[in-house]
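Quick notes on the structure that follows.
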Number of protein chains: 4
Amino acid sequence: MITKGRLEAFSDAVIAIIITIMVLELKVPHDASVEALKPLIPIFISYILSFIYIGIYWNNHHHMLHAAKSVNGRVLWANMHLLFWLSMIPFVTAWMGENHFEMWPVVFYGIVLILNSIAYYILAQTLVKHHGKDSLIATAVGHDRKGKVSTALYAVGIGLAFVNAWIGIAVYTVVAIIWLIPDTRIERVLVEGEKH
Amino acid sequence: MITKGRLEAFSDAVIAIIITIMVLELKVPHDASVEALKPLIPIFISYILSFIYIGIYWNNHHHMLHAAKSVNGRVLWANMHLLFWLSMIPFVTAWMGENHFEMWPVVFYGIVLILNSIAYYILAQTLVKHHGKDSLIATAVGHDRKGKVSTALYAVGIGLAFVNAWIGIAVYTVVAIIWLIPDTRIERVLVEGEKH
Amino acid sequence: MITKGRLEAFSDAVIAIIITIMVLELKVPHDASVEALKPLIPIFISYILSFIYIGIYWNNHHHMLHAAKSVNGRVLWANMHLLFWLSMIPFVTAWMGENHFEMWPVVFYGIVLILNSIAYYILAQTLVKHHGKDSLIATAVGHDRKGKVSTALYAVGIGLAFVNAWIGIAVYTVVAIIWLIPDTRIERVLVEGEKH
Amino acid sequence: MITKGRLEAFSDAVIAIIITIMVLELKVPHDASVEALKPLIPIFISYILSFIYIGIYWNNHHHMLHAAKSVNGRVLWANMHLLFWLSMIPFVTAWMGENHFEMWPVVFYGIVLILNSIAYYILAQTLVKHHGKDSLIATAVGHDRKGKVSTALYAVGIGLAFVNAWIGIAVYTVVAIIWLIPDTRIERVLVEGEKH
């Protein structure tokens, strides 16, 4: 009954706004010197990291829903739940950037990343349940090893952030890089699925 | 003459912006301690409540327009009217959150919820009038018992907020939960409608 | 070469953002009393007026592009020009609201309305030129008496605002009401056009 | 696997937000006098320049993707990269406007323009690589003389900004005008391509 197209359009709009409002945290300096930009460097770095993360989520969301044939009420709310945690990213990004990657902001950044990965996992499982275990999407989502490894790495990153916040950031960055490496799994399954 | 698709797209964009700008009220603390997050807890809670409410409206709006065959000028303005009151939600949400759920903000939050439910009712009736009493949408909207009960409960919540603001919040939360429980009515009617 | 659909989608998104960011000017009071809302009343009133105006522009834009068969580079830039002046509405709205409808803000509000009506006229003429004088859109746009009357009324409103700002506001409100009264002209022409 | 349509829709939404949030930098004066608008004039001018630039990017993006038949993961990330640098435009625009076109902000404005033109070039090349050297898009993008000239002119503008910031602005404006002059190249190639 709920059309997949409108769910995608709504998610796209929300994700587009989330990714763009982060730039509002780059407060314009009143001074015209190069030095005036210096305090913005950590905010800029945290912006880049979050921009990549939200890009990854948009990309994965895009792929997953492409493999879906339809959606239902549960999928819709699982999707809203994911959008909710994505909407927390600008907040922790700004908090982390403004406080120059101190411990607690880095820890909370990791917590929000974990909550996002859990929300994504719930959405994936809801979609699989809706389509059945033998569906294209079930094969495409698979065991989601990459997702589980990410969640574990976020936890490691949070733990290590208590030792040194920069190690935490390094771990989060590694996860982002893992996702940037093209994931041919879903693509392969879909191509095969379309052959039949 | 007015296409349903563009009305949906515009509504989606406005609702997506409304749901996302609320997060801008979570002002980033300048302090990196966990304690710095404490004052944000009420704002966060009010954000969750409003996020769910706007999600419910988007969901219902989606369903209702799915059952519509076309729209006219009156529908368009009834829709704008609903979007107007939805756009008031971020304001009352922030006011309520920043003032730790004091009486007046909670009362006004309820008033905005009532105005939204009335605006939704007007939109539904305008759509029914446009499609005729024997139309699919007329059957789908039906007597809208759930909508009327919600409106009544908001009024009760407002009244009780004068006694204790938290009771008001509790009532608003109950209404949200009622809506989160899947409403199979419209879906059933539509499925039957498509059989013919 | 330029698709009408993407032009519509982009315009919808920009207009949706414009209509929604206005609400950010309703600064949340730090006080939880009803009195704290009082200074927001003029901002709220100016928000309603502008919400209706942007709704009217979206509605008319929607209708006009529905009658268009295609767009070209000139149309695209005429459309950007209109979006530019629409994007000025939140600024003059907030300036007028915050200064309790004093003379200069009311005058500038009128100037922005005039510039918008001119931009809309240019867009209409560009579309007519692109489709030819015997096209459906040429008949639909026609002499655009309503548009010309509006532009004249804005000028009158600006002039009268120098005498008394509230008279200016009254004139702007009259124009909004004129547009809210359903304009069956374009609809009629389109219906007849589709008969052939 | 990745649909072109959703990439376009997401890009449109992000660009629409970028072009619109710039207006939030036009801080509403608390004073109702005409003089209160004076300090906003440089911000207004920088807004116009950036509005045109983002309009040009949207227009070119639109054209280029229209010529594309499909997209892949690399295209998606090349597109995200472009959106990232576009999202920096509101920041440098506001910095330049608020500091009345002083040297460093004008230099950084130019740097962001260069980074955008490089990002656009990368996106174009990624699309060409994806479609093959004999594809419609390869012919349409061609040697991209205009793009290369622009990039060179930005560098010249940056250099001259160190002498006098206004000369830098003049050069950036010239580039904008070059792009506003309709580029019939892609359109011609596409029309010919569709003939076959």
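Residues are referred to by chain and number: the chain letter is A, B, ... according to the order shown in the structure tokens, the number counts from 1 in that chain, and ligands are numbered separately from 1 in the order shown.
Using only C-alpha atoms, the chain A residues found within 8 Å of chain D amount to Ala9, Asp12, Ala13, Ala16, Ile17, Ile19, Thr20, Val23, Leu24, Leu26, Lys27, Val28, Pro29, His30, Asp31, Ala32, Ser33, Val34, Phe51, Gly55, Asn59, His62, His63, His66, Pro182, Glu187, Leu190 and Val191 of chain A.
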Write out as a PyMOL selection string the set of residues from segment 26-61 of chain D that DSSP, computed on the backbone, places in alpha helix (DSSP H). chain D and resi 41-61
What's around Lys148 of chain D at 10 Å? Count only C-alpha atoms, leave out sequence neighbours fewer than 5 positions away in its own chain, and write the answer as an mmCIF file with C-alpha atoms, in the first residue's frame.
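Writing the result to selection_12.cif gives the following:
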```
data_model
loop_
_atom_site.group_PDB
_atom_site.id
_atom_site.type_symbol
_atom_site.label_atom_id
_atom_site.label_comp_id
_atom_site.auth_asym_id
_atom_site.auth_seq_id
_atom_site.Cartn_x
_atom_site.Cartn_y
_atom_site.Cartn_z
ATOM 1 C CA SER D 117 35.451 23.105 -11.001
ATOM 2 C CA ILE D 118 37.962 20.291 -10.355
ATOM 3 C CA TYR D 121 35.788 17.787 -14.023
ATOM 4 C CA HIS D 143 37.480 18.569 -24.329
ATOM 5 C CA LEU D 153 40.505 32.145 -14.793
ATOM 6 C CA TYR D 154 39.756 31.308 -11.155
#
```
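Atom pair atom CA of Ser46 of chain D / atom CA of Ile169 of chain D: separated by 9.4 Å.
Straight-line separation from atom CA of Val107 of chain A to atom CA of Ala161 of chain A: 6.2 Å.
Between atom CA of Tyr172 of chain B and atom CA of Leu40 of chain B the interatomic distance comes to 20.7 Å.
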